[in-house]
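S.K.: Shown below is the structure under consideration.
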Amino acid sequence: MSRVLAAPRRARVSRRELSNFAYGLLFALPGLIGLLTFVAYPVFASLYYSFTSYSIIGRYRWVGLGNYVNLLTLDDEFWNVLGNTTYFVALSVPLHLVVALLLALLLNSRVPGLSVYRTLFYLPSVVPAVATAMLWLWMYHPTNGILNSLLDVFGIVGPNWLGDRAWAKPALVLMSVWGGGGLMLILLAGLQDVPQELYDAAEVDGAGWWPRFWNVTIPFLSPHLFFGLVTGLIGGFQYFTQVYIMTSGGPARSTAVYSFYLWENAFQFLKMGYASAMAWILLMIVAACTALVFITASRRVYYGGR
Amino acid sequence: MGIQVSGSAVAVRPARRHYRASVRAVSTELCLIVFAAIFSIPFFWLLTTSLKTYPQIIAYPIVWIPNPLILDHYVQAFKIVPFARYIGNTMVIALLTMVGAVLSNGLTAYSFSRINWPLAKPLFALFLATMMIPFPVLMIPQFLVFRTLGWLDTYLPLIAPSFFGHAFYIFLLRQFFLTIPLELSDAARIDGAGEFRILWYIIAPLAKPALATIALFQFISAWESFLGPLIYINSKELYTVSLGLAMFRGEHTAEIGPMMAGSAVMVLPIIVLFFLTQRTFIQGITLTGIKG
């Protein structure tokens, strides 16, 4: 019955469409297999493990919400690492954005040696994380490090950066800003897309530097800043290597960040189920933060009329 | 009257404007110099420390310019840790994953940008969404899968995933493929060329810069990767450069000189590569920021 009705209305799927579908699927296959095995399966498997006491060795059983309840109510270390990570993200992401924007603005001018400066600001971001960690470990050395020696020149007695509970986190933030040149390049490219006519028009209207910056530059850069904010948030929650190499979470667990504790649970204490619960809490935090940024920023992000 | 007033204003303005512009240029240059100095301190410190004698390394107040310049720490670094071997190991991983990344992402991005099929857009959106998933969420099940396969302490867990696409690379390549006129493909199709032929003979040659960017990014990511090797590799002879460098922290804390020399050895290839491929590099980064 339906066949009779449908047949005259809509022609059968054409051979062209069929072959396109087949080729589309065929070419996308490597990516799709990867998506299924290395992303989709792990996401749901870790959800399953998070409800068990899985530990590689020995048997495991279903514990329901046990891991989550333990994490949120009994595990003080969980709240400690969550606090440390929030501190790190809340400080490093905005600072990173501001520094990248400042450098991009400075580079968006016609002064001699521009490409040299650009290279220099970008270079730290390609330095491998382990090498960065080793290098800054030595930079932050309380007596023989260059940082405190420079402060000494100005008569300031520098702190024992990585050995001091109060200074260890700011030290990591400072180091992460040094390696943030990627966003600077993106912002610079964005700045070069701002139509000069708009600046000229604003100037004719008597707008000073700040109004021009606030009403022309920032709206045009907002998609790029937004991109920096989202990637910074996601990256910040995964901060691991530097902590592993430089502090192992010390002193007194003041630099133990979320991913570090997750790794400890999974691969040091072999509490895979417990670590999976942490992973899912992390996923929900990241999703919530990203959604929040999307909702609050989407009205303020200007996509050039598109 | 009105004309005269505006005439005099025009006469005054350029001079003041010129003055203001030059003040701005000078202050911009000064700011850039200050920032450049700050940003280069770590590089300066890395290089000078690696070339200092041990007494000068631990001297207080610090020695700014090493005298004499020595290369002993570099020799030491290669003796303390079998760095040459680790560089070779990392190169094997890097080269194989580069091949995997170019092939798998090239094919997948082609499907999402050059073939007109109904799932191209929704699937691409799905890939984009997966970029938000933090690696720690995937880490444990991936580890358990590779463990079941008996792949622990081999390079397979580090290499195999690269042959199955990567959301960020697919995004980057798709952006680039979209800039190539569709008429080129259509003309080839009329001439009877199949999709593989079109990809191989038309799209790939035109997308060389983008493919080079993928290869470059993949090389760097393999070179600096730490968490993956840390989880999967146990045998010391299979270590990568980053694991080898981390050994300085674990077992040889007192040896700052070799530690800095080792770090310099790890940084140098990346910096050289950066200078050789600067344009490709910057293109790749800025392509990331373009909205699609």
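FYI, nothing fancy with the structure tokens labels: chains A, B, ... in order, residues from 1 per chain, ligands from 1 as they appear.
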What are the residues of chain A that have an atom within 6 Å of an atom of chain B, counting only C-alpha atoms, as a list of chain:residue names?

M.R.: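 Applying the cut-off to the listed atoms yields A:Asn20, A:Phe21, A:Gly24, A:Phe27, A:Ala28, A:Pro30, A:Gly31, A:Gly34, A:Pro42, A:Val43, A:Val127, A:Pro128, A:Ala131, A:Ile186, A:Ala279.
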
S.K.: Next, dump the selected residues to file, keeping only C-alpha atoms, as a PDB file, in the first residue's frame.

M.R.:
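Contents of part.pdb, as written:
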```
ATOM      1  CA  ASN A  20      28.293   8.552  -3.366  1.00  0.00           C
ATOM      2  CA  PHE A  21      27.017   7.016  -0.163  1.00  0.00           C
ATOM      3  CA  GLY A  24      31.607   8.384   1.387  1.00  0.00           C
ATOM      4  CA  PHE A  27      36.628   6.833   2.630  1.00  0.00           C
ATOM      5  CA  ALA A  28      35.417   7.721   6.105  1.00  0.00           C
ATOM      6  CA  PRO A  30      39.503   4.725   8.890  1.00  0.00           C
ATOM      7  CA  GLY A  31      38.133   7.621  10.914  1.00  0.00           C
ATOM      8  CA  GLY A  34      38.937   4.907  15.089  1.00  0.00           C
ATOM      9  CA  PRO A  42      36.315   3.765  25.773  1.00  0.00           C
ATOM     10  CA  VAL A  43      33.795   6.426  26.781  1.00  0.00           C
ATOM     11  CA  VAL A 127      59.205  22.900  23.309  1.00  0.00           C
ATOM     12  CA  PRO A 128      58.256  19.362  24.443  1.00  0.00           C
ATOM     13  CA  ALA A 131      61.951  19.422  28.365  1.00  0.00           C
ATOM     14  CA  ILE A 186      45.579  32.569  16.028  1.00  0.00           C
ATOM     15  CA  ALA A 279      37.249  10.239  34.575  1.00  0.00           C
TER      16      ALA A 279
END
```

S.K.: Could you please determine the separation between CA of Trp214 (chain A) and CA of Ile234 (chain A) in Å, to one decimal place?

M.R.: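 Distance reported for this atom pair: 26.9 Å.
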
S.K.: To one decimal place, how far is CA of Phe44 (chain A) from CA of Leu156 (chain B) in Å?

M.R.: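 For CA of Phe44 (chain A) relative to CA of Leu156 (chain B), the distance reads 22.8 Å.
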
S.K.: Considering only C-alpha atoms, return as a PyMOL selection string whatever protein or nucleic-acid residues lie within 10 Å of Pro229 (chain B), sequence-local ones (same chain, fewer than 5 positions apart) excluded.

M.R.: chain B and resi 153-155+157-158+222+234+238-243

S.K.: Which residues are close to Gly66 (chain A), i.e. within 12 Å by only C-alpha atoms, leaving aside same-chain residues fewer than 4 positions away? Reply as a list in words.

M.R.: Tyr49, Ser50, Phe51, Thr52, Ser53, Arg61, Trp62, Asn70, Leu71, Leu72, Thr73, Leu74, Gly273, Tyr274 and Ala277 of chain A

S.K.: For the residues in that selection, give me C-alpha atoms as a short mmCIF file (atom, residue, chain, number, x, y, z; two decimals), in the first residue's frame.

M.R.:
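The resulting file, out-v3.cif, is reproduced below:
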```cif
data_model
loop_
_atom_site.label_atom_id
_atom_site.label_comp_id
_atom_site.auth_asym_id
_atom_site.auth_seq_id
_atom_site.Cartn_x
_atom_site.Cartn_y
_atom_site.Cartn_z
CA TYR A 49 34.02 0.42 34.92
CA SER A 50 33.12 3.41 37.05
CA PHE A 51 30.33 1.34 38.59
CA THR A 52 32.68 -1.52 39.45
CA SER A 53 35.65 -2.20 41.70
CA ARG A 61 32.16 -6.61 41.19
CA TRP A 62 29.42 -4.14 40.54
CA ASN A 70 33.31 7.55 48.02
CA LEU A 71 34.92 10.22 45.85
CA LEU A 72 32.46 12.93 46.73
CA THR A 73 31.99 12.18 50.42
CA LEU A 74 35.00 10.29 51.80
CA GLY A 273 37.09 1.44 38.60
CA TYR A 274 37.66 4.29 41.00
CA ALA A 277 34.56 7.30 38.11
#
```

S.K.: What is the CA of Gly236 (chain A)-CA of Leu97 (chain A) distance in Å, reported with one decimal?

M.R.: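 Interatomic distance, CA of Gly236 (chain A) to CA of Leu97 (chain A): 13.0 Å.
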
S.K.: What lies within 7 Å of Val257 (chain A) using only C-alpha atoms, ignoring chain neighbours under 4 positions off, as a ChimeraX atom specification?

M.R.: /A:81-82,84-85,261

S.K.: Using the selection just defined, write its residues with C-alpha atoms as a PDB file, in the first residue's frame.

M.R.:
```pdb
ATOM      1  CA  VAL A  81      42.922  17.931  43.493  1.00  0.00           C
ATOM      2  CA  LEU A  82      39.672  19.467  42.292  1.00  0.00           C
ATOM      3  CA  ASN A  84      44.091  22.690  42.842  1.00  0.00           C
ATOM      4  CA  THR A  85      42.894  22.181  39.285  1.00  0.00           C
ATOM      5  CA  TYR A 261      45.464  11.892  40.862  1.00  0.00           C
TER       6      TYR A 261
END
```

S.K.: Looking only at alpha helix (DSSP H) from DSSP on the backbone, list the matching residues of region 153-222 of chain B as a ChimeraX atom specification.

M.R.: /B:156-159,167-178,182-190,195-198,204-206,208-222

S.K.: Fewer than 3 positions away in the same chain doesn't count, so skip those; otherwise give me all residues within 6 Å of Val173 (chain A), counting only C-alpha atoms, as a list in words.

M.R.: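 Near neighbours after the sequence-gap exclusion: Ser92, Pro170 and Ser176 of chain A.
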
S.K.: Pick out the residues sitting within 12 Å of Gln268 (chain A), and hand them over as a PyMOL selection string; count only C-alpha atoms, and ignore anything fewer than 5 positions along from it in its own chain.

M.R.: (chain A and resi 55-56+260-263+275) or (chain B and resi 230-231)
